[in-house]
Amino acid sequence: MKKQALIVGISGVIGRALADKLQQEGWEVTGMSRGRGAGRHGQSDCRSDRC
């Protein structure tokens with residue numbers, strides 16, 4: 001079974017670096033951000049904002 005990670009704040013510097021590192025290690029990465037699509041090649045993304 002493939003490891004999965006959800007990164008909140010993937011469009012930021014730290015979130016993007018973490019996503020890249022996890023993906024290199026074989027993780028399936030999904031990121032969440034409030035604005036622009038932040039998912040890079042091979043990464044899923046979804047957008048959300050504060051309620």
# chains A, B, ... in the order shown; residues from 1 in each chain; ligands from 1
$ residues_around --residues "stretch 17-22 of chain A" --least-positions-apart "2" --cutoff "9 Å" --atoms "only C-alpha atoms" --output "MDAnalysis selection string"
chainID A and resid 5:7 10 12:15 24:31 39:40 43
